[in-house]
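Text of structure11.cif (mmCIF, C-alpha atoms) as supplied:
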data_run
#
loop_
_atom_site.label_atom_id
_atom_site.label_comp_id
_atom_site.auth_asym_id
_atom_site.auth_seq_id
_atom_site.Cartn_x
_atom_site.Cartn_y
_atom_site.Cartn_z
CA MET G 26 0.00 0.00 0.00
CA ILE G 27 2.93 2.35 0.63
CA PHE G 28 3.81 4.56 -2.36
CA GLY G 29 1.44 2.59 -4.58
CA MET G 30 3.44 -0.62 -4.16
CA TRP G 31 0.42 -2.93 -4.26
CA ASP G 32 -1.50 -0.82 -6.75
CA SER G 33 0.86 -1.75 -9.55
CA VAL G 34 0.54 -5.56 -9.53
CA LEU G 35 1.05 -6.93 -13.04
CA PHE G 36 0.24 -10.59 -12.47
CA HIS G 37 0.29 -13.30 -9.79
CA LEU G 38 2.74 -16.22 -9.45
CA GLY G 39 0.52 -18.43 -7.34
CA PRO G 40 -0.22 -16.38 -4.21
CA ILE G 41 2.68 -13.97 -4.83
CA PRO G 42 1.83 -10.66 -6.52
CA VAL G 43 4.42 -9.59 -9.13
CA ASP G 44 4.55 -5.84 -9.70
CA HIS G 45 6.30 -3.51 -12.17
CA LEU G 46 9.40 -3.17 -10.01
CA VAL G 47 10.04 -6.90 -9.84
CA VAL G 48 9.68 -7.25 -13.62
CA THR G 49 12.14 -4.38 -14.18
CA GLN G 50 14.59 -5.99 -11.76
CA TRP G 51 14.30 -9.33 -13.58
CA ALA G 52 15.08 -7.51 -16.84
CA LEU G 53 18.11 -5.79 -15.28
CA VAL G 54 19.42 -9.02 -13.77
CA LEU G 55 18.97 -10.73 -17.15
CA VAL G 56 20.86 -7.98 -19.02
CA LEU G 57 23.72 -7.90 -16.48
CA GLY G 58 23.86 -11.70 -16.32
CA LEU G 59 23.95 -11.99 -20.13
CA PHE G 60 26.70 -9.35 -20.29
CA ALA G 61 28.77 -11.28 -17.72
CA PHE G 62 28.08 -14.63 -19.43
CA MET G 63 28.96 -13.37 -22.92
CA GLY G 64 32.17 -11.79 -21.63
CA SER G 65 33.37 -14.81 -19.69
CA ARG G 66 32.14 -17.89 -21.64
CA ASN G 67 35.30 -18.21 -23.74
CA MET G 68 38.11 -16.87 -21.58
CA GLN G 69 41.46 -16.27 -23.30
CA VAL G 70 44.90 -15.56 -21.82
CA ILE G 71 45.11 -12.49 -24.03
CA PRO G 72 41.63 -10.93 -23.59
CA ARG G 73 39.64 -9.60 -26.53
CA GLY G 74 36.29 -7.86 -26.98
CA MET G 75 33.87 -8.17 -24.07
CA GLN G 76 36.34 -10.12 -21.92
CA ASN G 77 38.63 -7.10 -22.19
CA GLY G 78 35.88 -4.80 -20.94
CA LEU G 79 34.95 -7.11 -18.06
CA GLU G 80 38.57 -7.54 -16.97
CA MET G 81 38.95 -3.76 -17.02
CA ILE G 82 35.91 -3.41 -14.73
CA VAL G 83 37.18 -6.13 -12.34
CA GLU G 84 40.69 -4.67 -12.18
CA PHE G 85 39.37 -1.14 -11.65
CA THR G 86 37.04 -2.20 -8.83
CA TYR G 87 39.77 -4.25 -7.07
CA ASN G 88 42.15 -1.27 -7.17
CA PHE G 89 39.48 1.27 -6.23
CA PHE G 90 38.07 -0.66 -3.27
CA GLY G 91 41.60 -1.61 -2.23
CA GLN G 92 42.41 2.09 -1.86
CA VAL G 93 39.14 2.97 -0.13
CA MET G 94 39.15 0.01 2.28
CA ASP G 95 42.89 0.17 3.07
CA GLU G 96 43.29 -3.62 3.40
CA GLU G 97 43.64 -5.48 0.12
CA HIS G 98 42.38 -8.89 1.27
CA ILE G 99 39.14 -7.35 2.58
CA ALA G 100 38.71 -5.38 -0.62
CA LYS G 101 39.19 -8.51 -2.74
CA LYS G 102 36.72 -10.44 -0.58
CA TYR G 103 33.94 -7.86 -0.83
CA ALA G 104 34.65 -6.24 -4.23
CA PRO G 105 32.31 -8.67 -6.09
CA LEU G 106 29.37 -7.70 -3.84
CA LEU G 107 30.17 -3.98 -3.99
CA SER G 108 30.64 -4.06 -7.78
CA THR G 109 27.32 -5.86 -8.14
CA PHE G 110 25.68 -3.18 -6.01
CA PHE G 111 27.20 -0.48 -8.19
CA LEU G 112 26.18 -2.06 -11.51
CA PHE G 113 22.67 -2.92 -10.30
CA ILE G 114 22.04 0.55 -8.82
CA ILE G 115 23.40 2.49 -11.79
CA CYS G 116 21.39 0.37 -14.26
CA SER G 117 18.28 0.78 -12.06
CA ASN G 118 18.76 4.55 -11.86
CA TYR G 119 19.25 4.86 -15.61
CA SER G 120 16.35 2.56 -16.46
CA GLY G 121 14.00 5.51 -15.85
CA LEU G 122 15.76 7.52 -18.54
CA ILE G 123 15.05 5.10 -21.40
CA PRO G 124 12.68 6.93 -23.78
CA GLY G 125 9.09 5.89 -23.12
CA ALA G 126 10.01 3.91 -19.98
CA ALA G 127 7.03 5.28 -18.07
CA HIS G 128 4.63 4.04 -20.77
CA ILE G 129 5.90 0.45 -20.97
CA GLN G 130 3.96 -2.06 -18.83
CA GLY G 131 6.20 -3.61 -16.22
CA PHE G 132 8.83 -0.92 -16.44
CA GLN G 133 9.64 1.29 -13.45
CA PRO G 134 13.07 2.29 -12.00
CA PRO G 135 13.48 -0.08 -9.03
CA THR G 136 15.52 2.39 -6.95
CA SER G 137 12.58 4.85 -6.95
CA ASN G 138 10.85 2.51 -4.47
CA TRP G 139 11.98 2.34 -0.86
CA ASN G 140 11.38 -1.43 -0.64
CA VAL G 141 14.24 -2.02 -3.09
CA THR G 142 16.65 0.47 -1.49
CA ALA G 143 15.81 -0.90 1.98
CA THR G 144 16.62 -4.42 0.77
CA LEU G 145 19.99 -3.28 -0.60
CA ALA G 146 20.73 -1.43 2.66
CA LEU G 147 19.74 -4.51 4.69
CA ILE G 148 22.15 -6.67 2.66
CA THR G 149 24.87 -4.10 3.39
CA ALA G 150 24.03 -4.10 7.12
CA LEU G 151 24.18 -7.91 7.29
CA THR G 152 27.45 -7.95 5.34
CA VAL G 153 28.95 -5.35 7.70
CA HIS G 154 28.24 -7.55 10.74
CA TYR G 155 29.34 -10.70 8.90
CA ALA G 156 32.63 -8.96 8.00
CA GLY G 157 33.08 -7.85 11.61
CA PHE G 158 32.51 -11.33 13.03
CA SER G 159 34.59 -13.09 10.38
CA GLU G 160 37.59 -10.79 11.00
CA HIS G 161 37.39 -10.40 14.78
CA GLY G 162 35.18 -13.24 16.05
CA ALA G 163 33.36 -12.50 19.30
CA HIS G 164 35.67 -9.52 19.94
CA TYR G 165 33.63 -7.68 17.31
CA LEU G 166 30.87 -7.22 19.92
CA GLY G 167 33.30 -5.11 21.91
CA HIS G 168 32.90 -2.19 19.51
CA PHE G 169 29.32 -1.75 20.72
CA ILE G 170 30.65 -0.77 24.16
CA SER G 171 33.56 1.30 22.90
CA PRO G 172 35.04 3.52 24.39
CA ASN G 173 33.04 2.43 27.49
CA PRO G 174 29.74 0.61 28.24
CA ALA G 175 27.88 3.93 28.71
CA PHE G 176 28.15 4.39 24.93
CA LEU G 177 26.08 1.25 24.16
CA PRO G 178 22.81 3.11 23.32
CA LEU G 179 24.69 5.64 21.20
CA ASN G 180 26.53 2.92 19.28
CA LEU G 181 23.31 0.96 18.75
CA LEU G 182 21.53 4.07 17.44
CA GLU G 183 24.45 4.69 15.08
CA GLU G 184 24.23 1.11 13.78
CA ILE G 185 20.49 1.56 13.08
CA ALA G 186 21.18 4.90 11.35
CA HIS G 187 23.52 3.37 8.75
CA PRO G 188 20.96 1.26 6.83
CA LEU G 189 18.28 3.91 7.34
CA SER G 190 20.41 6.65 5.80
CA LEU G 191 21.47 4.36 2.93
CA THR G 192 17.81 3.55 2.23
CA VAL G 193 16.41 7.06 2.44
CA ARG G 194 19.24 8.75 0.52
CA LEU G 195 19.03 6.52 -2.55
CA PHE G 196 15.23 6.29 -2.56
CA GLY G 197 14.74 10.03 -1.91
CA ASN G 198 17.07 11.15 -4.67
CA ILE G 199 15.78 8.81 -7.37
CA PHE G 200 12.10 9.10 -6.40
CA GLY G 201 12.38 12.91 -6.25
CA GLU G 202 14.10 13.09 -9.62
CA GLU G 203 11.50 10.78 -11.19
CA MET G 204 8.65 12.90 -9.79
CA ILE G 205 10.14 16.19 -11.01
CA VAL G 206 10.78 14.82 -14.51
CA ALA G 207 7.24 13.37 -14.62
CA TYR G 208 5.65 16.70 -13.60
CA LEU G 209 7.82 18.67 -16.03
CA LEU G 210 6.91 16.27 -18.84
CA PHE G 211 3.26 16.82 -17.97
CA LEU G 212 3.58 20.63 -17.93
CA ALA G 213 5.99 21.09 -20.85
CA PRO G 214 6.70 17.90 -22.81
CA PHE G 215 9.36 19.35 -25.12
CA PHE G 216 12.86 20.67 -24.34
CA VAL G 217 12.16 21.82 -20.75
CA PRO G 218 12.77 18.45 -19.02
CA THR G 219 15.97 17.88 -21.06
CA ALA G 220 18.18 19.84 -18.67
CA LEU G 221 16.82 17.96 -15.69
CA MET G 222 17.25 14.62 -17.45
CA GLY G 223 20.88 15.59 -18.08
CA LEU G 224 21.18 16.25 -14.37
CA ALA G 225 19.54 12.89 -13.71
CA VAL G 226 22.31 11.13 -15.63
CA MET G 227 24.85 12.70 -13.27
CA LEU G 228 22.69 12.10 -10.20
CA GLY G 229 22.19 8.42 -11.06
CA ALA G 230 25.93 7.84 -11.26
CA ILE G 231 26.66 9.87 -8.11
CA GLN G 232 24.05 7.99 -6.07
CA ALA G 233 25.40 4.61 -7.24
CA ILE G 234 28.95 5.68 -6.31
CA VAL G 235 27.85 7.08 -2.93
CA PHE G 236 25.89 3.94 -1.97
CA THR G 237 28.79 1.67 -2.95
CA LEU G 238 31.43 3.85 -1.28
CA LEU G 239 29.46 4.06 1.96
CA SER G 240 28.89 0.29 1.95
CA ALA G 241 32.64 -0.17 1.42
CA SER G 242 33.48 2.21 4.24
CA TYR G 243 31.07 0.49 6.68
CA ILE G 244 32.53 -2.93 5.82
CA ALA G 245 36.07 -1.57 6.15
CA ALA G 246 35.22 0.01 9.51
CA SER G 247 33.72 -3.20 10.93
CA SER G 248 36.52 -5.45 9.69
CA GLY G 249 39.42 -3.01 10.22
CA GLY G 250 41.91 -2.82 13.06
CA GLY G 251 39.86 -0.40 15.16
CA HIS G 252 37.87 -3.19 16.88
CA MET N 24 47.81 9.72 -8.38
CA ALA N 25 46.59 6.73 -6.38
CA GLN N 26 46.83 8.77 -3.19
CA LYS N 27 44.75 11.57 -4.75
CA LYS N 28 42.08 9.11 -5.87
CA GLN N 29 41.98 7.59 -2.40
CA ASN N 30 41.61 11.02 -0.78
CA TRP N 31 38.81 11.98 -3.16
CA ALA N 32 36.82 8.83 -2.41
CA LYS N 33 37.47 8.96 1.33
CA SER N 34 36.58 12.65 1.60
CA LEU N 35 33.31 12.10 -0.30
CA THR N 36 32.47 9.12 1.92
CA MET N 37 33.18 11.07 5.09
CA ALA N 38 31.16 14.13 4.01
CA VAL N 39 28.09 12.17 2.89
CA ASN N 40 28.31 9.82 5.86
CA LEU N 41 28.52 12.68 8.34
CA ALA N 42 25.65 14.68 6.85
CA THR N 43 23.13 11.86 6.49
CA ASN N 44 24.00 9.94 9.63
CA VAL N 45 23.65 13.03 11.83
CA ALA N 46 20.21 13.67 10.31
CA ALA N 47 19.26 9.99 10.64
CA VAL N 48 20.18 9.64 14.33
CA LEU N 49 18.35 12.86 15.23
CA ALA N 50 15.27 11.67 13.34
CA ILE N 51 15.37 8.17 14.87
CA GLY N 52 15.81 9.61 18.39
CA LEU N 53 13.05 12.18 18.07
CA LEU N 54 10.50 10.04 16.19
CA GLY N 55 11.28 6.96 18.28
CA GLY N 56 10.76 9.00 21.47
CA ARG N 57 7.48 10.39 20.14
CA TRP N 58 6.24 6.90 19.24
CA LEU N 59 7.15 5.58 22.70
CA ASP N 60 5.36 8.58 24.27
CA THR N 61 2.12 7.73 22.48
CA LYS N 62 2.53 4.06 23.41
CA PHE N 63 3.22 4.59 27.14
CA ASP N 64 1.41 7.92 27.55
CA MET N 65 4.43 9.72 29.03
CA SER N 66 4.46 12.79 26.77
CA PRO N 67 6.78 14.70 26.41
CA LEU N 68 9.41 12.89 28.55
CA LEU N 69 10.41 10.16 26.09
CA THR N 70 10.39 12.59 23.14
CA ILE N 71 12.90 14.77 24.99
CA LEU N 72 14.96 11.74 26.03
CA GLY N 73 14.95 10.45 22.44
CA PHE N 74 16.05 13.79 21.11
CA VAL N 75 18.84 14.06 23.69
CA LEU N 76 20.01 10.54 22.80
CA GLY N 77 19.92 11.42 19.09
CA ALA N 78 21.83 14.66 19.67
CA ALA N 79 24.44 12.85 21.78
CA THR N 80 24.89 10.23 19.06
CA ALA N 81 25.19 13.00 16.44
CA GLY N 82 27.93 14.59 18.57
CA LYS N 83 29.72 11.26 18.83
CA ILE N 84 29.53 10.73 15.05
CA MET N 85 31.02 14.19 14.46
CA TRP N 86 33.77 13.57 17.04
CA ASP N 87 34.63 10.21 15.44
CA ALA N 88 34.77 11.85 11.98
CA LEU N 89 37.08 14.56 13.32
CA MET N 90 39.40 11.98 14.91
CA GLU N 91 39.44 9.93 11.70
CA ARG N 92 40.34 13.05 9.70
CA GLU N 93 43.16 13.81 12.14
CA ARG N 94 44.42 10.23 11.87
CA GLN N 95 44.42 10.43 8.07
CA ARG N 96 46.18 13.80 8.09
CA ASN N 97 48.88 12.51 10.45
CA ALA N 98 49.37 9.40 8.31
CA ALA N 99 49.69 11.53 5.15
CA GLN N 100 52.13 13.87 6.92
CA LYS N 101 54.22 10.94 8.11
CA GLU N 102 54.28 9.48 4.58
CA SER N 103 55.33 12.79 3.07
CA ASP N 104 58.11 13.23 5.71
CA GLN N 105 59.39 9.72 4.88
CA ASP N 106 59.37 10.55 1.15
CA GLN N 107 61.39 13.73 1.76
CA GLN N 108 63.98 11.82 3.80
#

As structure tokens, how would this structure be written, given the file I've shared?
Amino acid sequence: MIFGMWDSVLFHLGPIPVDHLVVTQWALVLVLGLFAFMGSRNMQVIPRGMQNGLEMIVEFTYNFFGQVMDEEHIAKKYAPLLSTFFLFIICSNYSGLIPGAAHIQGFQPPTSNWNVTATLALITALTVHYAGFSEHGAHYLGHFISPNPAFLPLNLLEEIAHPLSLTVRLFGNIFGEEMIVAYLLFLAPFFVPTALMGLAVMLGAIQAIVFTLLSASYIAASSGGGH
Amino acid sequence: MAQKKQNWAKSLTMAVNLATNVAAVLAIGLLGGRWLDTKFDMSPLLTILGFVLGAATAGKIMWDALMERERQRNAAQKESDQDQQ
């Protein structure tokens, strides 16, 4: 019922309602999966074509997250998840910019719905605690009472704030941008929304980078030497 | 070049993290307190307590960010001193 979530059901898979967002996400997963499959099905020692592009992406993300997260082994362990986040979010953000996207049945940018962003943030939150426990074991719990036990409520509130801010930031930006473009298209269909759509291209990339960077920094903080 | 890229990414992370987390903890504290007030009929005690808790957490987040910035600056300074030697 929230934000029209249940109003946009396309069809039912047994008792499960399937809405526009889920169909768009299936399409995105299919496109990304096909891209990965095509690029890696016939791996060569000297890469060519799509394999070249994929290797460039993998190398770039390993280096980038290695620099952001300080410790290389942690970066290598979590780079696949973070890169997947980045690719999924940027494709989701840009899916609203495809001409006529709003008029195609089953097509709606997934990140403009808080259910999707909350799910991504929840995965990040679980990964953060998994990384903390896998690096420090039970000692990881000690950071909740750091620097002393009086800080427990403050640390708990901070832990709750991380997924909440990840959720609201991504959802708010993309939902807001979608609404403004929709209203502008309604008021002045030609030329006027172009500038804002240009801005949306930048915003989509920035939000994907910010979400991924923050996830990387939370994972690095929980698995780093500070605990 | 690598150092510059690292600083760019870390500075962006710190700025966005600080801004949104401070807002989030204040909102959670205040709204959580208000919800508890309606549930236990103790208005406005728990709202005030929630806000104070949120504000204290916001202060802690800002202090942690400041200390992290100091640590990074000292590490960069140390690295540059070593390079000069």

| request: Please determine the residues with any atom at most 12 Å from (14.8, 11.6, 13.9) (coordinates as given in the file, with only C-alpha atoms counting) and report them as number ranges by chain. | output: G: 182-183, 185-186, 189-190; N: 43-58, 70-71, 73-78, 80-81

Write a file of the selected residues as a JSON list (two decimals), keeping the file's coordinate frame, keeping C-alpha atoms.
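Ended up saving to part20.json:
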[["chain", "number", "residue", "atom", "x", "y", "z"],
["G", 182, "LEU", "CA", 21.53, 4.07, 17.44],
["G", 183, "GLU", "CA", 24.45, 4.69, 15.08],
["G", 185, "ILE", "CA", 20.49, 1.56, 13.08],
["G", 186, "ALA", "CA", 21.18, 4.90, 11.35],
["G", 189, "LEU", "CA", 18.28, 3.91, 7.34],
["G", 190, "SER", "CA", 20.41, 6.65, 5.80],
["N", 43, "THR", "CA", 23.13, 11.86, 6.49],
["N", 44, "ASN", "CA", 24.00, 9.94, 9.63],
["N", 45, "VAL", "CA", 23.65, 13.03, 11.83],
["N", 46, "ALA", "CA", 20.21, 13.67, 10.31],
["N", 47, "ALA", "CA", 19.26, 9.99, 10.64],
["N", 48, "VAL", "CA", 20.18, 9.64, 14.33],
["N", 49, "LEU", "CA", 18.35, 12.86, 15.23],
["N", 50, "ALA", "CA", 15.27, 11.67, 13.34],
["N", 51, "ILE", "CA", 15.37, 8.17, 14.87],
["N", 52, "GLY", "CA", 15.81, 9.61, 18.39],
["N", 53, "LEU", "CA", 13.05, 12.18, 18.07],
["N", 54, "LEU", "CA", 10.50, 10.04, 16.19],
["N", 55, "GLY", "CA", 11.28, 6.96, 18.28],
["N", 56, "GLY", "CA", 10.76, 9.00, 21.47],
["N", 57, "ARG", "CA", 7.48, 10.39, 20.14],
["N", 58, "TRP", "CA", 6.24, 6.90, 19.24],
["N", 70, "THR", "CA", 10.39, 12.59, 23.14],
["N", 71, "ILE", "CA", 12.90, 14.77, 24.99],
["N", 73, "GLY", "CA", 14.95, 10.45, 22.44],
["N", 74, "PHE", "CA", 16.05, 13.79, 21.11],
["N", 75, "VAL", "CA", 18.84, 14.06, 23.69],
["N", 76, "LEU", "CA", 20.01, 10.54, 22.80],
["N", 77, "GLY", "CA", 19.92, 11.42, 19.09],
["N", 78, "ALA", "CA", 21.83, 14.66, 19.67],
["N", 80, "THR", "CA", 24.89, 10.23, 19.06],
["N", 81, "ALA", "CA", 25.19, 13.00, 16.44]]

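Shortest atom-to-atom contact with Val56 of chain G among G:Ser120, G:Asn180, G:Ser248, G:Ser159: G:Ser120, counting all atoms listed in the file.
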
| field | Straight-line distance linking atom CA of Thr149 of chain G with atom CA of Trp86 of chain N, stated in Å to one decimal | value | 24.0 Å

| said: Once the PyMOL selection byres ((chain G) within 10 of (chain N)) has been evaluated on this model, what residues remain selected, and can you format them as a VMD selection string? | reply: chain G and resid 88 to 95 176 178 to 191 193 to 194 234 to 243

Take every atom of segment 42-59 of chain N listed in the file, fit an axis-aligned box around them, add 4 Å per side, and give the centre and edge lengths in Å to one decimal as lines of an AutoDock Vina configuration file.
center_x = 15.9
center_y = 10.1
center_z = 14.6
size_x = 27.4
size_y = 17.1
size_z = 24.2

| said: Within 7 Å of (38.1, -4.6, 5.6) (file coordinates; all atoms listed in the file), which protein or nucleic acid residues are there? I'd like them as a ChimeraX atom specification. | reply: /G:94,96,99-100,244-246,248-249

| query | What do you get, as number ranges by chain, if you spell out every residue that the PyMOL selection byres ((chain G and resi 230) around 12) selects here? | reply | G: 111-119, 195, 198-199, 223-229, 231-237

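Distance-wise, atom CA of Leu145 of chain G and atom CA of Ala52 of chain G end up 17.5 Å apart.
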
| request: State, in Å with one decimal place, the distance from atom CA of Leu59 of chain G to atom CA of Val83 of chain G. | output: 16.4 Å

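Shortest atom-to-atom contact with Thr192 of chain G among G:Val70, G:Gly64, G:Ala104, G:Ile148: G:Ile148, counting all atoms listed in the file.
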
Selection dump of the PyMOL selection byres ((chain G and resi 160) around 10), as a short mmCIF file (atom, residue, chain, number, x, y, z; two decimals) with C-alpha atoms, keeping the file's coordinate frame:
data_model
loop_
_atom_site.label_atom_id
_atom_site.label_comp_id
_atom_site.auth_asym_id
_atom_site.auth_seq_id
_atom_site.Cartn_x
_atom_site.Cartn_y
_atom_site.Cartn_z
CA ILE G 99 39.14 -7.35 2.58
CA HIS G 154 28.24 -7.55 10.74
CA TYR G 155 29.34 -10.70 8.90
CA ALA G 156 32.63 -8.96 8.00
CA GLY G 157 33.08 -7.85 11.61
CA PHE G 158 32.51 -11.33 13.03
CA SER G 159 34.59 -13.09 10.38
CA HIS G 161 37.39 -10.40 14.78
CA GLY G 162 35.18 -13.24 16.05
CA ALA G 163 33.36 -12.50 19.30
CA HIS G 164 35.67 -9.52 19.94
CA TYR G 165 33.63 -7.68 17.31
CA SER G 247 33.72 -3.20 10.93
CA SER G 248 36.52 -5.45 9.69
CA GLY G 249 39.42 -3.01 10.22
CA GLY G 250 41.91 -2.82 13.06
CA HIS G 252 37.87 -3.19 16.88
#

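Ranking G:Tyr103, G:Phe110, G:Tyr87, G:Phe200 by their shortest atom-to-atom distance to Asn138 of chain G, with all atoms listed in the file included, puts G:Phe200 first.
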